[in-house]
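A quick write-up on the structure given underneath.
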Amino acid sequence: MRPAPLDGVKVLEAATLFAGPLAATFLGDFGADVTKIEHPSRPDAARTHGASKDGVGLWFKTLGRNKRLATLDLSRGRDVFLSLVQQNDVLVENFRPGTLERWGLGPDVLLEANPRLVIARVTAFGQVGPWSRRPGFGSLAEAMSGFAAVTGEPDGPPTLPPFGLADGITALATAYAVLVALRERDRSGAGQVIDMAIIEPILMMLGGGITAYQQTGYVQPRLGNRSSNNAPRNVYRTLDGRWVAVSTSSQSIAERVVTLVGRADLVAQPWFATGRERAEHADELDEAVGTWIAARPLEVVMAEFEKAEAAVGPVHDIRGIMTDPQYAALGTIVSVDDDELDGPVQMQNVLFRLSESPGAIKWAGRPHGADTDEVLAAIGVTPDQLAALRAAGVV
């Protein structure tokens with residue numbers, strides 16, 4: 001087998017919770033050698049988020065996959081950390097701005113120790129500005145970016161997602177930024193610092209709102225499951241109490257949907273010619289589509305939409321995801337053997353499929369400090385030195 005795409009890239013992760021660690025996970029999925037550093041007495045709080053089994057955090061099984069786990073108190077183990085930095089290509093950290101500098105581990109020191117190091121600094125608000133040193137999490141980014149303001153029912157409050165959306169988008173952006181910086185290092189030979197603010201990537205995903213406001217003064221309202229850009233676009237309940245989502249982003253699909261539900265006459269209406277004009281008639285379109293779907297069970301709805309080549313998808317909870325034939329065909333969910341849970345653990349597969357050099361999950365997230373001895377031995381820490389560091393609580 002050929003080497004993985006990121007084989008030979010060594011990543012040091014000194015980050016907690018979601019955005020920074022997930023970025024390192026994405027890199028590890030495609031062959032990067034990732035070493036995660038946790039505090040010896042305060043493990044990554046992600047270990048206690050979400051469901052657990054027998055005291056083992058289950059989300060961390062995905063978040064910590066393909067990583068070696070070591071412990072080190074950076075504030076007291078500065079020299080050990082610098083030795084690790086010298087042997088890595090990338091550092092992903094998410095301490096509040098000024099923290100590493102206070103420990104004598106600012107970017108100037110790190111780049112002096114390893115001039116080829118790429119340092120990804122992931123924070124809520126970035127390294128500069130009046131909010132830079134404030135504590136923050138993805139939920140604040142979802143609020144400040146405008147996401148919450150446009151999410152929810154028109155007469156309801158702004159709505160936050162019940163999962164780390166901003167963190168996940170930031171993780172993707174951070175992994176992308178790391179690869180860009182490594183590509184530049186291939187040309188220049190020099191590392192650099194990535195300033196990644198969690199409030200920014202999600203803002204980019206929200207489309208052309210800034211330009212629309214600047215040019216026209218338009219402020220997007222909350223529309224529930226509708227869209228200001230096309231209709232019909234909503235979720236509809238079937239006869240057997242299930243839900244489906246329908247989208248008509250293209251004109252041809254919109255025509256197929258209304259024809260399927262017995263309202264081909266709507267296609268001839270002048271307002272039907274564009275998505276934005278159709279959105280102004282969403283009540284009429286929702287009534288037509290919703291009534292047709294409500295009279296049929298899910299299986300029939302799906303079959304008829306498929307026959308008409310119209311866009312529809314079931315609204316899954318986790319049970320539906322686990323049994324969906326399309327996810328099964330893609331191999332989206334995989335089983336990974338795990339000693340800590342004494343058996344296979346199912347989780348999401350790597351993000352995409354490469355035909356010639358696919359990614360892989362070699363192991364699930366491991367216990368706190370599972371690889372400390374191996375990681376420190378690789379930088380020359382002797383057993384006696386390790387024992388002394390452990391006795392002092394540094395590792």
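As shown in the structure tokens, the chain order sets the letters A, B, ...; within each chain, residues go from 1, and ligands are also counted from 1 in the order they appear.
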
Contact residues around Arg96 of chain A with only C-alpha atoms at 9 Å, ignoring same-chain residues under 3 positions, as a list in words:
Thr99, Leu100, Val122, Thr123, Ala124, Gln127, Ser132, Arg133, Arg134 and Pro135 of chain A

Would you save the residues from that selection as a PDB file, in the first residue's frame, using all heavy atoms?
ATOM      1  N   THR A  99      -1.548  33.296  26.982  1.00  0.00           N
ATOM      2  CA  THR A  99      -1.243  32.205  27.909  1.00  0.00           C
ATOM      3  C   THR A  99       0.096  31.565  27.594  1.00  0.00           C
ATOM      4  O   THR A  99       0.961  31.427  28.480  1.00  0.00           O
ATOM      5  CB  THR A  99      -2.364  31.147  27.878  1.00  0.00           C
ATOM      6  OG1 THR A  99      -3.610  31.757  28.216  1.00  0.00           O
ATOM      7  CG2 THR A  99      -2.068  30.026  28.873  1.00  0.00           C
ATOM      8  N   LEU A 100       0.307  31.147  26.353  1.00  0.00           N
ATOM      9  CA  LEU A 100       1.594  30.561  25.988  1.00  0.00           C
ATOM     10  C   LEU A 100       2.721  31.555  26.204  1.00  0.00           C
ATOM     11  O   LEU A 100       3.822  31.177  26.655  1.00  0.00           O
ATOM     12  CB  LEU A 100       1.575  30.087  24.533  1.00  0.00           C
ATOM     13  CG  LEU A 100       0.792  28.819  24.223  1.00  0.00           C
ATOM     14  CD1 LEU A 100       0.929  28.467  22.744  1.00  0.00           C
ATOM     15  CD2 LEU A 100       1.277  27.642  25.075  1.00  0.00           C
ATOM     16  N   VAL A 122      -6.021  28.503  17.629  1.00  0.00           N
ATOM     17  CA  VAL A 122      -7.477  28.484  17.490  1.00  0.00           C
ATOM     18  C   VAL A 122      -8.092  29.079  18.751  1.00  0.00           C
ATOM     19  O   VAL A 122      -7.959  28.517  19.842  1.00  0.00           O
ATOM     20  CB  VAL A 122      -7.990  27.047  17.269  1.00  0.00           C
ATOM     21  CG1 VAL A 122      -9.494  27.050  17.031  1.00  0.00           C
ATOM     22  CG2 VAL A 122      -7.259  26.378  16.114  1.00  0.00           C
ATOM     23  N   THR A 123      -8.754  30.215  18.595  1.00  0.00           N
ATOM     24  CA  THR A 123      -9.381  30.875  19.741  1.00  0.00           C
ATOM     25  C   THR A 123     -10.772  31.347  19.341  1.00  0.00           C
ATOM     26  O   THR A 123     -11.123  31.369  18.165  1.00  0.00           O
ATOM     27  CB  THR A 123      -8.555  32.087  20.208  1.00  0.00           C
ATOM     28  OG1 THR A 123      -8.439  33.018  19.124  1.00  0.00           O
ATOM     29  CG2 THR A 123      -7.170  31.655  20.674  1.00  0.00           C
ATOM     30  N   ALA A 124     -11.543  31.753  20.336  1.00  0.00           N
ATOM     31  CA  ALA A 124     -12.905  32.197  20.041  1.00  0.00           C
ATOM     32  C   ALA A 124     -12.914  33.444  19.174  1.00  0.00           C
ATOM     33  O   ALA A 124     -13.665  33.533  18.198  1.00  0.00           O
ATOM     34  CB  ALA A 124     -13.656  32.454  21.345  1.00  0.00           C
ATOM     35  N   GLN A 127      -6.459  36.572  17.790  1.00  0.00           N
ATOM     36  CA  GLN A 127      -5.323  37.008  18.601  1.00  0.00           C
ATOM     37  C   GLN A 127      -5.297  38.513  18.849  1.00  0.00           C
ATOM     38  O   GLN A 127      -4.521  38.991  19.670  1.00  0.00           O
ATOM     39  CB  GLN A 127      -4.019  36.592  17.916  1.00  0.00           C
ATOM     40  CG  GLN A 127      -3.837  35.087  17.789  1.00  0.00           C
ATOM     41  CD  GLN A 127      -3.667  34.390  19.124  1.00  0.00           C
ATOM     42  OE1 GLN A 127      -2.944  34.874  19.988  1.00  0.00           O
ATOM     43  NE2 GLN A 127      -4.342  33.261  19.296  1.00  0.00           N
ATOM     44  N   SER A 132     -10.214  39.751  22.226  1.00  0.00           N
ATOM     45  CA  SER A 132      -9.288  38.643  21.992  1.00  0.00           C
ATOM     46  C   SER A 132      -9.003  37.816  23.238  1.00  0.00           C
ATOM     47  O   SER A 132      -8.811  36.599  23.138  1.00  0.00           O
ATOM     48  CB  SER A 132      -7.973  39.170  21.403  1.00  0.00           C
ATOM     49  OG  SER A 132      -7.339  40.060  22.299  1.00  0.00           O
ATOM     50  N   ARG A 133      -8.968  38.439  24.402  1.00  0.00           N
ATOM     51  CA  ARG A 133      -8.598  37.702  25.612  1.00  0.00           C
ATOM     52  C   ARG A 133      -9.803  37.255  26.428  1.00  0.00           C
ATOM     53  O   ARG A 133      -9.648  36.732  27.532  1.00  0.00           O
ATOM     54  CB  ARG A 133      -7.648  38.526  26.463  1.00  0.00           C
ATOM     55  CG  ARG A 133      -6.353  38.859  25.721  1.00  0.00           C
ATOM     56  CD  ARG A 133      -5.208  39.172  26.627  1.00  0.00           C
ATOM     57  NE  ARG A 133      -3.982  39.376  25.849  1.00  0.00           N
ATOM     58  CZ  ARG A 133      -2.761  39.344  26.353  1.00  0.00           C
ATOM     59  NH1 ARG A 133      -2.591  39.095  27.641  1.00  0.00           N
ATOM     60  NH2 ARG A 133      -1.707  39.536  25.590  1.00  0.00           N
ATOM     61  N   ARG A 134     -10.977  37.411  25.879  1.00  0.00           N
ATOM     62  CA  ARG A 134     -12.168  36.945  26.585  1.00  0.00           C
ATOM     63  C   ARG A 134     -12.327  35.429  26.395  1.00  0.00           C
ATOM     64  O   ARG A 134     -11.963  34.887  25.358  1.00  0.00           O
ATOM     65  CB  ARG A 134     -13.408  37.636  26.048  1.00  0.00           C
ATOM     66  CG  ARG A 134     -13.471  39.124  26.311  1.00  0.00           C
ATOM     67  CD  ARG A 134     -14.824  39.674  25.893  1.00  0.00           C
ATOM     68  NE  ARG A 134     -14.900  41.113  26.039  1.00  0.00           N
ATOM     69  CZ  ARG A 134     -16.011  41.833  25.869  1.00  0.00           C
ATOM     70  NH1 ARG A 134     -17.148  41.208  25.545  1.00  0.00           N
ATOM     71  NH2 ARG A 134     -15.997  43.132  26.007  1.00  0.00           N
ATOM     72  N   PRO A 135     -12.906  34.759  27.382  1.00  0.00           N
ATOM     73  CA  PRO A 135     -13.240  33.344  27.177  1.00  0.00           C
ATOM     74  C   PRO A 135     -14.393  33.236  26.188  1.00  0.00           C
ATOM     75  O   PRO A 135     -15.255  34.122  26.108  1.00  0.00           O
ATOM     76  CB  PRO A 135     -13.647  32.873  28.574  1.00  0.00           C
ATOM     77  CG  PRO A 135     -14.126  34.109  29.270  1.00  0.00           C
ATOM     78  CD  PRO A 135     -13.298  35.235  28.722  1.00  0.00           C
TER      79      PRO A 135
END

Spatial neighbours of Tyr327 of chain A, 12 Å, only C-alpha atoms, chain gap at least 4 places, as an MDAnalysis selection string:
chainID A and resid 316 318 320:323 331:334 348:349

Generate the output file for the selected residues, all heavy atoms, as a tab-separated table (two decimals), in the first residue's frame.
chain	number	residue	atom	x	y	z
A	316	HIS	N	-33.90	12.21	9.38
A	316	HIS	CA	-33.43	11.12	10.22
A	316	HIS	C	-33.12	11.59	11.64
A	316	HIS	O	-32.59	12.69	11.84
A	316	HIS	CB	-32.11	10.54	9.67
A	316	HIS	CG	-32.27	9.63	8.50
A	316	HIS	ND1	-33.31	8.75	8.36
A	316	HIS	CD2	-31.46	9.43	7.40
A	316	HIS	CE1	-33.17	8.07	7.24
A	316	HIS	NE2	-32.07	8.45	6.64
A	318	ILE	N	-30.85	9.57	14.87
A	318	ILE	CA	-29.68	8.70	14.79
A	318	ILE	C	-30.06	7.29	14.36
A	318	ILE	O	-29.28	6.60	13.68
A	318	ILE	CB	-28.92	8.70	16.14
A	318	ILE	CG1	-27.52	8.10	15.97
A	318	ILE	CG2	-29.71	7.98	17.22
A	318	ILE	CD1	-26.61	8.91	15.08
A	320	GLY	N	-32.32	6.41	12.16
A	320	GLY	CA	-32.42	6.39	10.71
A	320	GLY	C	-31.07	6.44	10.03
A	320	GLY	O	-30.85	5.78	9.00
A	321	ILE	N	-30.16	7.22	10.59
A	321	ILE	CA	-28.81	7.30	10.02
A	321	ILE	C	-28.14	5.93	10.03
A	321	ILE	O	-27.51	5.52	9.05
A	321	ILE	CB	-27.97	8.31	10.83
A	321	ILE	CG1	-28.52	9.73	10.65
A	321	ILE	CG2	-26.49	8.25	10.43
A	321	ILE	CD1	-27.94	10.73	11.62
A	322	MET	N	-28.30	5.21	11.13
A	322	MET	CA	-27.62	3.93	11.28
A	322	MET	C	-28.14	2.87	10.31
A	322	MET	O	-27.44	1.89	10.03
A	322	MET	CB	-27.77	3.42	12.72
A	322	MET	CG	-27.16	4.34	13.76
A	322	MET	SD	-25.36	4.45	13.67
A	322	MET	CE	-24.88	2.97	14.57
A	323	THR	N	-29.34	3.04	9.79
A	323	THR	CA	-29.91	2.04	8.89
A	323	THR	C	-30.11	2.55	7.47
A	323	THR	O	-30.63	1.83	6.62
A	323	THR	CB	-31.27	1.56	9.43
A	323	THR	OG1	-32.15	2.68	9.57
A	323	THR	CG2	-31.10	0.87	10.78
A	331	GLY	N	-20.19	3.72	3.13
A	331	GLY	CA	-19.30	3.34	4.23
A	331	GLY	C	-19.10	4.45	5.23
A	331	GLY	O	-18.03	4.58	5.83
A	332	THR	N	-20.14	5.27	5.42
A	332	THR	CA	-20.04	6.46	6.27
A	332	THR	C	-19.83	6.11	7.74
A	332	THR	O	-19.21	6.87	8.47
A	332	THR	CB	-21.31	7.32	6.10
A	332	THR	OG1	-21.48	7.63	4.71
A	332	THR	CG2	-21.22	8.60	6.90
A	333	ILE	N	-20.35	4.98	8.17
A	333	ILE	CA	-20.22	4.55	9.56
A	333	ILE	C	-19.34	3.30	9.59
A	333	ILE	O	-19.58	2.35	8.84
A	333	ILE	CB	-21.59	4.26	10.18
A	333	ILE	CG1	-22.47	5.53	10.13
A	333	ILE	CG2	-21.45	3.76	11.61
A	333	ILE	CD1	-23.91	5.29	10.49
A	334	VAL	N	-18.33	3.34	10.43
A	334	VAL	CA	-17.39	2.22	10.51
A	334	VAL	C	-17.30	1.72	11.94
A	334	VAL	O	-17.63	2.43	12.89
A	334	VAL	CB	-15.99	2.63	10.02
A	334	VAL	CG1	-16.02	2.95	8.53
A	334	VAL	CG2	-15.44	3.81	10.80
A	348	GLN	N	-18.34	7.89	12.80
A	348	GLN	CA	-18.26	8.39	11.45
A	348	GLN	C	-16.90	8.03	10.84
A	348	GLN	O	-15.87	8.07	11.51
A	348	GLN	CB	-18.41	9.91	11.42
A	348	GLN	CG	-19.71	10.44	12.00
A	348	GLN	CD	-19.59	10.83	13.46
A	348	GLN	OE1	-18.93	10.15	14.25
A	348	GLN	NE2	-20.23	11.92	13.83
A	349	ASN	N	-16.92	7.70	9.56
A	349	ASN	CA	-15.69	7.41	8.84
A	349	ASN	C	-14.96	8.72	8.53
A	349	ASN	O	-15.44	9.81	8.87
A	349	ASN	CB	-16.01	6.65	7.56
A	349	ASN	CG	-14.85	5.79	7.08
A	349	ASN	OD1	-13.71	5.98	7.47
A	349	ASN	ND2	-15.15	4.83	6.22

For Asp29 of chain A, please output as an mmCIF file with N, CA, C and O atoms, in the first residue's frame all residues within 9 Å (counting only C-alpha atoms; exclusion window: fewer than 4 positions along the same chain).
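Saved as out37.cif:
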data_model
loop_
_atom_site.group_PDB
_atom_site.id
_atom_site.type_symbol
_atom_site.label_atom_id
_atom_site.label_comp_id
_atom_site.auth_asym_id
_atom_site.auth_seq_id
_atom_site.Cartn_x
_atom_site.Cartn_y
_atom_site.Cartn_z
ATOM 1 N N LEU A 6 -0.775 12.261 4.239
ATOM 2 C CA LEU A 6 -0.060 13.089 5.214
ATOM 3 C C LEU A 6 0.968 12.284 6.001
ATOM 4 O O LEU A 6 1.416 12.720 7.064
ATOM 5 N N ALA A 24 -7.094 18.459 14.352
ATOM 6 C CA ALA A 24 -6.018 17.466 14.421
ATOM 7 C C ALA A 24 -6.526 16.076 14.054
ATOM 8 O O ALA A 24 -5.810 15.283 13.434
ATOM 9 N N THR A 25 -7.779 15.771 14.415
ATOM 10 C CA THR A 25 -8.377 14.493 14.023
ATOM 11 C C THR A 25 -8.439 14.374 12.509
ATOM 12 O O THR A 25 -8.093 13.331 11.936
ATOM 13 N N ARG A 65 -9.445 9.771 18.043
ATOM 14 C CA ARG A 65 -8.979 8.663 17.211
ATOM 15 C C ARG A 65 -7.678 9.031 16.485
ATOM 16 O O ARG A 65 -7.385 10.189 16.207
ATOM 17 N N ASN A 66 -6.891 7.996 16.208
ATOM 18 C CA ASN A 66 -5.632 8.141 15.460
ATOM 19 C C ASN A 66 -4.622 9.055 16.153
ATOM 20 O O ASN A 66 -3.725 9.589 15.505
ATOM 21 N N ASN A 349 -16.918 7.701 9.561
ATOM 22 C CA ASN A 349 -15.685 7.409 8.840
ATOM 23 C C ASN A 349 -14.959 8.717 8.530
ATOM 24 O O ASN A 349 -15.437 9.808 8.869
ATOM 25 N N VAL A 350 -13.829 8.627 7.840
ATOM 26 C CA VAL A 350 -13.106 9.827 7.409
ATOM 27 C C VAL A 350 -14.004 10.633 6.480
ATOM 28 O O VAL A 350 -14.975 10.128 5.908
ATOM 29 N N LEU A 351 -13.673 11.901 6.307
ATOM 30 C CA LEU A 351 -14.592 12.847 5.679
ATOM 31 C C LEU A 351 -14.864 12.597 4.203
ATOM 32 O O LEU A 351 -15.917 12.973 3.697
ATOM 33 N N GLY A 359 -7.955 7.717 3.458
ATOM 34 C CA GLY A 359 -7.676 7.833 4.881
ATOM 35 C C GLY A 359 -8.108 6.574 5.610
ATOM 36 O O GLY A 359 -8.701 5.664 5.028
ATOM 37 N N ALA A 360 -7.827 6.538 6.906
ATOM 38 C CA ALA A 360 -8.163 5.346 7.686
ATOM 39 C C ALA A 360 -8.225 5.689 9.170
ATOM 40 O O ALA A 360 -7.567 6.629 9.635
ATOM 41 N N ILE A 361 -9.022 4.932 9.898
ATOM 42 C CA ILE A 361 -9.076 5.038 11.359
ATOM 43 C C ILE A 361 -8.336 3.836 11.921
ATOM 44 O O ILE A 361 -8.790 2.697 11.797
ATOM 45 N N LYS A 362 -7.202 4.086 12.516
ATOM 46 C CA LYS A 362 -6.369 2.994 13.031
ATOM 47 C C LYS A 362 -6.782 2.582 14.440
ATOM 48 O O LYS A 362 -6.683 1.412 14.795
#

DSSP on the backbone, then: every residue of segment 66-206 of chain A marked helix (DSSP H, G or I), written as a PyMOL selection string.
chain A and resi 78-86+99-102+107-113+138-144+148-150+165-188+201-205

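The shortest atom-to-atom distance to Leu12 of chain A, with only C-alpha atoms taken into account, belongs to A:Val375 out of A:Val109, A:Leu63, A:Val375, A:Ala294.
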
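The space separating atom CA of Arg237 of chain A from atom CA of Gly290 of chain A comes to 7.3 Å.
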
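Nearest-residue note for Trp363 of chain A: choosing from A:Gly28, A:Pro162, A:Gly262, A:Gly98, the minimum distance belongs to A:Gly28, counting only C-alpha atoms.
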
Any chance you could list, as an NGL selection string, the residues in segment 59-108 of chain A that come up strand (DSSP E or B) when DSSP is run on the backbone?
:A and (67-71 or 90-93)

Next, dump the selected residues to file, keeping only N, CA and C atoms, as an mmCIF file, in the first residue's frame.
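Below you can see out34.cif, which holds the result:
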data_model
loop_
_atom_site.group_PDB
_atom_site.id
_atom_site.type_symbol
_atom_site.label_atom_id
_atom_site.label_comp_id
_atom_site.auth_asym_id
_atom_site.auth_seq_id
_atom_site.Cartn_x
_atom_site.Cartn_y
_atom_site.Cartn_z
ATOM 1 N N LYS A 67 -4.763 9.235 17.469
ATOM 2 C CA LYS A 67 -3.844 10.100 18.202
ATOM 3 C C LYS A 67 -3.136 9.318 19.297
ATOM 4 N N ARG A 68 -1.863 9.658 19.512
ATOM 5 C CA ARG A 68 -1.176 9.192 20.708
ATOM 6 C C ARG A 68 -1.458 10.192 21.817
ATOM 7 N N LEU A 69 -1.708 9.673 23.017
ATOM 8 C CA LEU A 69 -2.142 10.508 24.131
ATOM 9 C C LEU A 69 -1.058 10.591 25.194
ATOM 10 N N ALA A 70 -0.582 11.817 25.446
ATOM 11 C CA ALA A 70 0.449 12.028 26.457
ATOM 12 C C ALA A 70 0.022 13.158 27.379
ATOM 13 N N THR A 71 0.593 13.168 28.574
ATOM 14 C CA THR A 71 0.279 14.223 29.533
ATOM 15 C C THR A 71 1.507 15.084 29.782
ATOM 16 N N VAL A 90 3.741 20.607 13.020
ATOM 17 C CA VAL A 90 2.563 21.436 13.271
ATOM 18 C C VAL A 90 2.252 21.429 14.757
ATOM 19 N N LEU A 91 1.863 22.591 15.285
ATOM 20 C CA LEU A 91 1.308 22.694 16.625
ATOM 21 C C LEU A 91 -0.091 23.274 16.505
ATOM 22 N N VAL A 92 -1.073 22.573 17.061
ATOM 23 C CA VAL A 92 -2.440 23.088 17.153
ATOM 24 C C VAL A 92 -2.700 23.401 18.619
ATOM 25 N N GLU A 93 -2.955 24.679 18.927
ATOM 26 C CA GLU A 93 -3.200 25.059 20.323
ATOM 27 C C GLU A 93 -4.401 25.983 20.391
#

Contacts of Val150 of chain A at 7 Å or less, counting only C-alpha atoms, minus same-chain residues fewer than 6 places along, as JSON, numbers by chain?
{"A": [158, 220, 221, 222]}

Could you dump the residues just selected with N, CA and C atoms as a PDB file, in the first residue's frame?
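In the end it all went to again33.pdb:
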ATOM      1  N   PRO A 158     -34.101  33.664  18.507  1.00  0.00           N
ATOM      2  CA  PRO A 158     -32.918  33.140  17.810  1.00  0.00           C
ATOM      3  C   PRO A 158     -32.583  31.766  18.371  1.00  0.00           C
ATOM      4  N   GLN A 220     -31.666  39.534   6.648  1.00  0.00           N
ATOM      5  CA  GLN A 220     -32.416  38.285   6.520  1.00  0.00           C
ATOM      6  C   GLN A 220     -33.191  37.988   7.798  1.00  0.00           C
ATOM      7  N   PRO A 221     -34.481  37.713   7.701  1.00  0.00           N
ATOM      8  CA  PRO A 221     -35.269  37.368   8.889  1.00  0.00           C
ATOM      9  C   PRO A 221     -35.213  35.873   9.167  1.00  0.00           C
ATOM     10  N   ARG A 222     -35.771  35.471  10.310  1.00  0.00           N
ATOM     11  CA  ARG A 222     -35.954  34.050  10.578  1.00  0.00           C
ATOM     12  C   ARG A 222     -37.132  33.544   9.749  1.00  0.00           C
TER      13      ARG A 222
END

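Minimum atom-to-atom distance to Gly126 of chain A, evaluated using only C-alpha atoms, belongs to A:Ile198 out of A:Met144, A:Leu72, A:Ile198, A:Ala303.
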
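Nearest-residue note for Gly365 of chain A: choosing from A:Thr62, A:Ser249, A:Ser41, A:Ser52, the minimum distance belongs to A:Thr62, counting only C-alpha atoms.
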
One residue among A:Ala197, A:Asp73, A:Val180, A:Asp186 is nearest to Gly20 of chain A when using only C-alpha atoms, and that residue is A:Ala197
